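> What follows is a structure written as structure tokens; I'll ask about it next.
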Amino acid sequence: MTQYPEMKRQTCISAPGKVLVAGGYLVLDQAYSGLVIGTDSRFYTTVSSTEGGSNDEAIRINVRSPQFNDGKWNYIVKELDPCVLESEAGSERNKYVEYAIGLTLSVIAASSKDFKARLGNHLDILIVGHNDFYSQRPQLESLNLPLSTKSLASLPPFCPTLTTIANVHKTGLGSSAAMISSLVSALLAHFNVISLHSDTPNNDMQLAHNMSQFVHCLAQGKVGSGFDVSSAVYGSHLYKRFNPAVLEGLMTACEERGISNVSGKEILEVVAGGSDKWDSVVGAFKLQRGLRLMLADVDCGSSTPKLVSGVLGWRKANPEEALRLWTDLDKANMQVAEGLIRVRDRYEELQGSQRGEYDGATWICSTSHASTWKNHENEFVQMFGHVYESFLTVRKLLREMSSLAGVPVEPESQTRLLDSISSLNGVVMSGVPGAGGFDAIFTLVIEVPGTTKNQTAVEKVWNEWTESKVGPLLAGASENGMRLESVAAVNGLSRFFN
């Protein structure tokens with residue numbers, strides 16, 4: 001029996017959630033782009049291993065997701081390439097976790113000659129997400145606390161959901177994409193297939209992205225738009241999707257033969273491809289200082305697959321009508337995105353005291369209604385005014401699509417809520433993210449740095465709204481994508497290792 005020296009190692013990778021503020025439905029088509037903003041709410045995957053042990057002992061993988069009542073999965077690794085995982089007795093199946101681990105280990109085995117020695121006999125994986133990924137209403141009710149930002153801020157980080165994974169109420173921040181991206185990338189980084197330091201090579205990020213897209217698509221049973229995984233890897237950006245054909249052959253092989261019969265080499269031939277195969281476009285985007293993203297969970301609920309199916313069915317049945325509307329909608333979406341980009345670019349062009357014009361603009365906008373901005377003498381106020389007008393056009397066209405497709409993209413109840421929010425000073429835009437529906441809203445508001453007056457006014461509308469129960473989220477915008485973390489530096493994470 002051969003013995004290897006023991007050495008404990010730990011790798012923690014986090015990935016952000018997302019909000020698609022412009023480009024819902026259109027991002028499914030390569031002809032169009034969408035503006036996705038990453039959030040400061042993140043998923044964290046921590047991989048711990050003890051290298052060494054004997055080479056004839058079983059390799060065990062224990063996965064913990066302690067926020068759920070059923071968040072434990074235990075596997076025995078029967079083969080490494082292709083990876084064959086056997087669930088231990090009593091372990092519930094979770095294909096998102098199982099696909100991510102099995103397929104990624106196959107890729108690692110095909111990429112590393114000494115993988116078995118480095119893997120050792122035990123792998124511990126911890127997966128947790130910030131509270132905003134899940135509705136905290138049950139948690140607040142159990143503590144007799146009101147639904148408010150103050151109550152949410154009092155909860156411990158990564159608090160229990162008090163339910164199972166199947167029954168948890170998600171808030172639409174892209175939990176499955178962020179979870180898979182962090183899990184896949186943590187495994188790749190832990191075994192040195194990629195490096196995620198500040199000087200990470202683009203091809204390493206590309207591999208993490210491509211592999212995460214593949215696993216996420218396979219787990220969901222279809223090749224989606226991919227904007228959620230793209231945001232989990234790259235953060236905020238202007239997104240244009242990849243050609244779905246790049247994954248179709250590999251997904252067919254996995255579905256027909258089973259993932260345990262698809263080798264790491266086969267997977268690498270697809271996911272290690274560069275821009276010649278993976279032609280998605282990631283355009284730089286960052287919200288300018290003074291703009292605050294606010295998010296809320298609306299306790300009504302919608303089925304995104306049904307919404308998407310309804311809109312695509314209408315488009316197929318009415319191609320000319322749909323092309324006209326989508327062309328107009330894309331134009332308005334890009335005016336919103338380009339307007340926000342122009343604000344930042346113009347600010348960067350200014351030097352020293354010249355930037356005071358922007359500071360003046362934030363004060364003017366934060367104390368006035370957006371309808372008065374377009375003709376203002378301050379160029380930044382004008383820019384924000386054009387963004388406001390463009391987003392009104394986006395909403396108008398989404399409502400037209402709702403009517404034509406018979407699908408509640410911006411339902412009337414949401415329209416009334418968004419109009420009420422948009423009547424407040426400082427609000428640049430307020431809308432339904434992604435596929436729309438009843439279950440979430442976002443607001444972009446201008447606030448003088450260091451103040452919260454407009455944020456408080458928006459929250460007051462939410463709190464007093466009677467048509468539906470609107471629950472605030474604590475998440476804000478973050479341009480940062482996937483990153484390497486120190487467990488000790490992440491608030492609340494260390495307690496899972498004590």
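Here, A, B, ... name the chains of the structure tokens in the order displayed, residue numbers run from 1 inside each chain, and ligands are numbered from 1 in the same displayed order.
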Could you list, with a cut-off of 12 Å and counting only C-alpha atoms, the residues of segment 150-207 of chain A near segment 478-487 of chain A, each shown with its nearest atom pair and the distance in Å rounded to one decimal, rows sorted by chain and ascending number, as CSV?

residue,atom,partner,partner_atom,distance
A:Ala177,CA,A:Met482,CA,11.6
A:Ala178,CA,A:Met482,CA,8.9
A:Met179,CA,A:Met482,CA,11.0
A:Ile180,CA,A:Met482,CA,11.5
A:Ser181,CA,A:Met482,CA,8.1
A:Ser182,CA,A:Met482,CA,7.3
A:Leu183,CA,A:Met482,CA,10.9
A:Val184,CA,A:Met482,CA,11.3
A:Ser185,CA,A:Met482,CA,8.6
A:Ala186,CA,A:Leu484,CA,8.4
A:Leu187,CA,A:Leu484,CA,11.9
A:Leu188,CA,A:Leu484,CA,11.8
A:Ala189,CA,A:Leu484,CA,8.9
A:His190,CA,A:Leu484,CA,10.5
A:Ile194,CA,A:Leu484,CA,11.3
A:Ser195,CA,A:Leu484,CA,9.0
A:Leu196,CA,A:Leu484,CA,5.9
A:His197,CA,A:Leu484,CA,6.6
A:Ser198,CA,A:Arg483,CA,8.4
A:Asp199,CA,A:Arg483,CA,11.2
A:Thr200,CA,A:Arg483,CA,9.7
A:Asp204,CA,A:Met482,CA,11.7
A:Met205,CA,A:Met482,CA,8.8
A:Gln206,CA,A:Met482,CA,11.7
> Which residues, written as a count of residues only, have at least one atom at most 10 Å from segment 58-70 of chain A, with only C-alpha atoms counted and residues fewer than 5 positions away on the same chain left out?
46
> Counting only C-alpha atoms, which residues in segment 213-262 of chain A sit no more than 12 Å from segment 105-109 of chain A? For each one, give the nearest pair of atoms and the distance in Å, sorted by chain then residue number, as a tab-separated table.

residue	atom	partner	partner_atom	distance
A:Val215	CA	A:Val107	CA	11.9
A:Ile259	CA	A:Ser106	CA	9.6
A:Ser260	CA	A:Ser106	CA	8.8
A:Asn261	CA	A:Ser106	CA	10.2
A:Val262	CA	A:Ser106	CA	8.4
> Step one, run DSSP on the backbone; step two, keep only residues of segment 226-419 of chain A assigned to strand (DSSP E or B); then write them as a ChimeraX atom specification.
/A:237-240,281-284,291-298
> So which one's closest to Leu147 of chain A, A:Ser135, A:Ser212, A:Gln351, A:Ser422? Using only C-alpha atoms, please.
A:Ser135
> When you look at Gln288 of chain A with a cut-off of 8 Å (counting only C-alpha atoms), what residues show up, excluding the ones that are within fewer than 6 positions of it in the same chain? I need them as a list in words.
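Once the adjacent positions are removed, what remains is Leu340, Val343 and Arg344 of chain A.
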> What is the atom CA of Ala110 of chain A-atom CA of Gly226 of chain A distance in Å, reported with one decimal?
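About the pair atom CA of Ala110 of chain A and atom CA of Gly226 of chain A: they are 25.5 Å apart.
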> Mind listing the alpha helix (DSSP H) residues of segment 110-284 of chain A, per DSSP on the backbone, as a ChimeraX atom specification?
/A:110-111,115-119,137-142,149-154,175-190,202-220,227-234,245-257,264-271
> Counting only C-alpha atoms, figure out which residue out of A:Tyr32, A:Phe214, A:Tyr25, A:Phe133 gets nearest to Leu398 of chain A.
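The answer is A:Tyr25, which sits nearest to Leu398 of chain A.
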> Kindly indicate which residue among A:Tyr347, A:Trp465, A:Tyr44, A:Phe497 lies nearest to Met383 of chain A, using only C-alpha atoms for the distances.
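Closest to Met383 of chain A, using only C-alpha atoms: A:Tyr347.
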> Need to verify the contact set: segment 148-152 of chain A, 10 Å, only C-alpha atoms, exclusion of same-chain residues closer than 3 positions in sequence. Can you return it as a list of chain:residue names?
A:Asn131, A:Asp132, A:Gln136, A:Arg137, A:Gln139, A:Leu140, A:Leu143, A:Asn144, A:Leu145, A:Leu155, A:Pro156, A:Pro157, A:Glu459, A:Lys460, A:Trp462, A:Asn463, A:Val470, A:Gly471, A:Pro472, A:Leu473, A:Leu474
> Here is a test: counting only C-alpha atoms, which residue of A:Leu493, A:Ala361, A:Leu307, A:Ile37 is nearest to Ala22 of chain A?
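Smallest separation from Ala22 of chain A among the options: A:Ile37.
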> Here is a test: counting only C-alpha atoms, which residue of A:Ser154, A:Gln220, A:Ser468, A:Ser430 is nearest to Glu255 of chain A?
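Result for the nearest residue to Glu255 of chain A: A:Gln220.
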> Could you name the residues that touch Leu404 of chain A at 12 Å or less, counting only C-alpha atoms, but leaving out those on the same chain fewer than 2 positions away, as an mmCIF file with all heavy atoms, in the first residue's frame?

data_model
loop_
_atom_site.group_PDB
_atom_site.id
_atom_site.type_symbol
_atom_site.label_atom_id
_atom_site.label_comp_id
_atom_site.auth_asym_id
_atom_site.auth_seq_id
_atom_site.Cartn_x
_atom_site.Cartn_y
_atom_site.Cartn_z
ATOM 1 N N GLY A 310 -44.026 31.789 -24.008
ATOM 2 C CA GLY A 310 -45.109 32.592 -24.577
ATOM 3 C C GLY A 310 -44.604 33.645 -25.546
ATOM 4 O O GLY A 310 -45.160 33.827 -26.645
ATOM 5 N N VAL A 311 -43.539 34.337 -25.174
ATOM 6 C CA VAL A 311 -42.990 35.382 -26.043
ATOM 7 C C VAL A 311 -42.389 34.777 -27.304
ATOM 8 O O VAL A 311 -42.605 35.284 -28.421
ATOM 9 C CB VAL A 311 -41.935 36.220 -25.285
ATOM 10 C CG1 VAL A 311 -41.165 37.115 -26.245
ATOM 11 C CG2 VAL A 311 -42.609 37.070 -24.201
ATOM 12 N N LEU A 312 -41.629 33.684 -27.173
ATOM 13 C CA LEU A 312 -41.025 33.063 -28.344
ATOM 14 C C LEU A 312 -42.078 32.448 -29.258
ATOM 15 O O LEU A 312 -41.907 32.432 -30.483
ATOM 16 C CB LEU A 312 -40.002 32.008 -27.911
ATOM 17 C CG LEU A 312 -38.764 32.541 -27.165
ATOM 18 C CD1 LEU A 312 -37.786 31.409 -26.892
ATOM 19 C CD2 LEU A 312 -38.084 33.657 -27.951
ATOM 20 N N GLY A 313 -43.168 31.959 -28.681
ATOM 21 C CA GLY A 313 -44.268 31.431 -29.488
ATOM 22 C C GLY A 313 -44.913 32.532 -30.316
ATOM 23 O O GLY A 313 -45.220 32.336 -31.506
ATOM 24 N N TRP A 314 -45.117 33.696 -29.699
ATOM 25 C CA TRP A 314 -45.661 34.849 -30.425
ATOM 26 C C TRP A 314 -44.707 35.281 -31.534
ATOM 27 O O TRP A 314 -45.120 35.562 -32.670
ATOM 28 C CB TRP A 314 -45.893 36.001 -29.453
ATOM 29 C CG TRP A 314 -45.933 37.356 -30.109
ATOM 30 C CD1 TRP A 314 -46.952 37.882 -30.839
ATOM 31 C CD2 TRP A 314 -44.874 38.326 -30.119
ATOM 32 N NE1 TRP A 314 -46.601 39.134 -31.312
ATOM 33 C CE2 TRP A 314 -45.341 39.431 -30.878
ATOM 34 C CE3 TRP A 314 -43.606 38.382 -29.567
ATOM 35 C CZ2 TRP A 314 -44.549 40.567 -31.094
ATOM 36 C CZ3 TRP A 314 -42.823 39.509 -29.758
ATOM 37 C CH2 TRP A 314 -43.294 40.585 -30.517
ATOM 38 N N ARG A 315 -43.409 35.319 -31.236
ATOM 39 C CA ARG A 315 -42.420 35.742 -32.232
ATOM 40 C C ARG A 315 -42.419 34.804 -33.435
ATOM 41 O O ARG A 315 -42.339 35.251 -34.583
ATOM 42 C CB ARG A 315 -41.022 35.779 -31.594
ATOM 43 C CG ARG A 315 -39.940 36.337 -32.500
ATOM 44 C CD ARG A 315 -38.564 36.102 -31.928
ATOM 45 N NE ARG A 315 -37.524 36.766 -32.699
ATOM 46 C CZ ARG A 315 -36.249 36.451 -32.666
ATOM 47 N NH1 ARG A 315 -35.838 35.442 -31.890
ATOM 48 N NH2 ARG A 315 -35.369 37.111 -33.407
ATOM 49 N N ALA A 317 -44.893 32.932 -34.492
ATOM 50 C CA ALA A 317 -46.159 33.032 -35.222
ATOM 51 C C ALA A 317 -46.310 34.371 -35.942
ATOM 52 O O ALA A 317 -47.070 34.468 -36.913
ATOM 53 C CB ALA A 317 -47.329 32.823 -34.262
ATOM 54 N N ASN A 318 -45.593 35.392 -35.463
ATOM 55 C CA ASN A 318 -45.729 36.742 -36.026
ATOM 56 C C ASN A 318 -44.351 37.348 -36.290
ATOM 57 O O ASN A 318 -43.956 38.327 -35.638
ATOM 58 C CB ASN A 318 -46.523 37.644 -35.072
ATOM 59 C CG ASN A 318 -47.872 37.074 -34.706
ATOM 60 O OD1 ASN A 318 -48.860 37.266 -35.420
ATOM 61 N ND2 ASN A 318 -47.925 36.369 -33.583
ATOM 62 N N GLU A 321 -44.082 41.266 -37.281
ATOM 63 C CA GLU A 321 -44.486 42.095 -36.150
ATOM 64 C C GLU A 321 -43.422 42.059 -35.058
ATOM 65 O O GLU A 321 -43.046 43.092 -34.487
ATOM 66 C CB GLU A 321 -45.820 41.575 -35.608
ATOM 67 C CG GLU A 321 -46.372 42.330 -34.402
ATOM 68 C CD GLU A 321 -47.683 41.711 -33.950
ATOM 69 O OE1 GLU A 321 -47.661 40.586 -33.396
ATOM 70 O OE2 GLU A 321 -48.723 42.351 -34.156
ATOM 71 N N ALA A 322 -42.905 40.875 -34.773
ATOM 72 C CA ALA A 322 -41.891 40.714 -33.730
ATOM 73 C C ALA A 322 -40.581 41.402 -34.123
ATOM 74 O O ALA A 322 -39.925 42.039 -33.284
ATOM 75 C CB ALA A 322 -41.641 39.238 -33.459
ATOM 76 N N LEU A 325 -40.913 45.148 -33.583
ATOM 77 C CA LEU A 325 -40.895 45.528 -32.170
ATOM 78 C C LEU A 325 -39.527 45.300 -31.551
ATOM 79 O O LEU A 325 -39.014 46.146 -30.807
ATOM 80 C CB LEU A 325 -41.978 44.754 -31.409
ATOM 81 C CG LEU A 325 -42.332 45.296 -30.022
ATOM 82 C CD1 LEU A 325 -43.788 44.981 -29.680
ATOM 83 C CD2 LEU A 325 -41.435 44.702 -28.943
ATOM 84 N N LEU A 397 -42.426 49.677 -24.942
ATOM 85 C CA LEU A 397 -42.333 48.571 -25.893
ATOM 86 C C LEU A 397 -42.523 47.211 -25.217
ATOM 87 O O LEU A 397 -43.102 46.285 -25.804
ATOM 88 C CB LEU A 397 -40.993 48.618 -26.615
ATOM 89 C CG LEU A 397 -40.822 49.815 -27.566
ATOM 90 C CD1 LEU A 397 -39.373 49.956 -28.014
ATOM 91 C CD2 LEU A 397 -41.745 49.679 -28.779
ATOM 92 N N LEU A 398 -42.046 47.066 -23.974
ATOM 93 C CA LEU A 398 -42.279 45.829 -23.234
ATOM 94 C C LEU A 398 -43.767 45.633 -22.969
ATOM 95 O O LEU A 398 -44.281 44.505 -23.051
ATOM 96 C CB LEU A 398 -41.507 45.837 -21.914
ATOM 97 C CG LEU A 398 -39.988 45.661 -22.009
ATOM 98 C CD1 LEU A 398 -39.352 45.787 -20.621
ATOM 99 C CD2 LEU A 398 -39.633 44.303 -22.622
ATOM 100 N N ARG A 399 -44.471 46.723 -22.670
ATOM 101 C CA ARG A 399 -45.924 46.608 -22.452
ATOM 102 C C ARG A 399 -46.635 46.253 -23.758
ATOM 103 O O ARG A 399 -47.608 45.484 -23.766
ATOM 104 C CB ARG A 399 -46.478 47.905 -21.866
ATOM 105 C CG ARG A 399 -46.057 48.151 -20.430
ATOM 106 C CD ARG A 399 -46.898 49.246 -19.784
ATOM 107 N NE ARG A 399 -46.726 50.533 -20.439
ATOM 108 C CZ ARG A 399 -45.777 51.426 -20.133
ATOM 109 N NH1 ARG A 399 -44.886 51.136 -19.187
ATOM 110 N NH2 ARG A 399 -45.700 52.577 -20.768
ATOM 111 N N GLU A 400 -46.142 46.791 -24.869
ATOM 112 C CA GLU A 400 -46.730 46.447 -26.169
ATOM 113 C C GLU A 400 -46.510 44.964 -26.459
ATOM 114 O O GLU A 400 -47.418 44.271 -26.935
ATOM 115 C CB GLU A 400 -46.102 47.303 -27.275
ATOM 116 C CG GLU A 400 -46.700 47.037 -28.640
ATOM 117 C CD GLU A 400 -46.071 47.877 -29.741
ATOM 118 O OE1 GLU A 400 -45.320 48.828 -29.430
ATOM 119 O OE2 GLU A 400 -46.323 47.571 -30.931
ATOM 120 N N MET A 401 -45.296 44.465 -26.158
ATOM 121 C CA MET A 401 -45.025 43.043 -26.358
ATOM 122 C C MET A 401 -45.893 42.199 -25.435
ATOM 123 O O MET A 401 -46.373 41.128 -25.828
ATOM 124 C CB MET A 401 -43.544 42.743 -26.117
ATOM 125 C CG MET A 401 -43.137 41.321 -26.488
ATOM 126 S SD MET A 401 -41.346 41.079 -26.587
ATOM 127 C CE MET A 401 -40.876 41.269 -24.866
ATOM 128 N N SER A 402 -46.103 42.661 -24.212
ATOM 129 C CA SER A 402 -46.995 41.954 -23.280
ATOM 130 C C SER A 402 -48.367 41.771 -23.894
ATOM 131 O O SER A 402 -48.961 40.685 -23.855
ATOM 132 C CB SER A 402 -47.135 42.748 -21.973
ATOM 133 O OG SER A 402 -45.964 42.715 -21.216
ATOM 134 N N GLY A 406 -49.658 38.248 -25.245
ATOM 135 C CA GLY A 406 -50.531 37.728 -24.201
ATOM 136 C C GLY A 406 -49.753 37.197 -23.018
ATOM 137 O O GLY A 406 -50.162 36.246 -22.352
ATOM 138 N N VAL A 407 -48.593 37.828 -22.749
ATOM 139 C CA VAL A 407 -47.685 37.393 -21.686
ATOM 140 C C VAL A 407 -47.421 38.585 -20.762
ATOM 141 O O VAL A 407 -47.104 39.675 -21.240
ATOM 142 C CB VAL A 407 -46.344 36.888 -22.280
ATOM 143 C CG1 VAL A 407 -45.348 36.585 -21.175
ATOM 144 C CG2 VAL A 407 -46.584 35.640 -23.120
ATOM 145 N N PRO A 408 -47.540 38.425 -19.438
ATOM 146 C CA PRO A 408 -47.350 39.549 -18.515
ATOM 147 C C PRO A 408 -45.882 39.909 -18.287
ATOM 148 O O PRO A 408 -45.323 39.653 -17.223
ATOM 149 C CB PRO A 408 -48.011 39.052 -17.228
ATOM 150 C CG PRO A 408 -47.832 37.575 -17.264
ATOM 151 C CD PRO A 408 -47.943 37.195 -18.712
ATOM 152 N N VAL A 409 -45.234 40.511 -19.301
ATOM 153 C CA VAL A 409 -43.842 40.923 -19.151
ATOM 154 C C VAL A 409 -43.746 42.078 -18.160
ATOM 155 O O VAL A 409 -42.956 42.050 -17.214
ATOM 156 C CB VAL A 409 -43.229 41.319 -20.514
ATOM 157 C CG1 VAL A 409 -41.783 41.780 -20.338
ATOM 158 C CG2 VAL A 409 -43.301 40.149 -21.487
#
> Just to confirm, what's the straight-line distance from atom CA of Thr11 of chain A to atom CA of Ser48 of chain A in Å (one decimal)?
6.5 Å
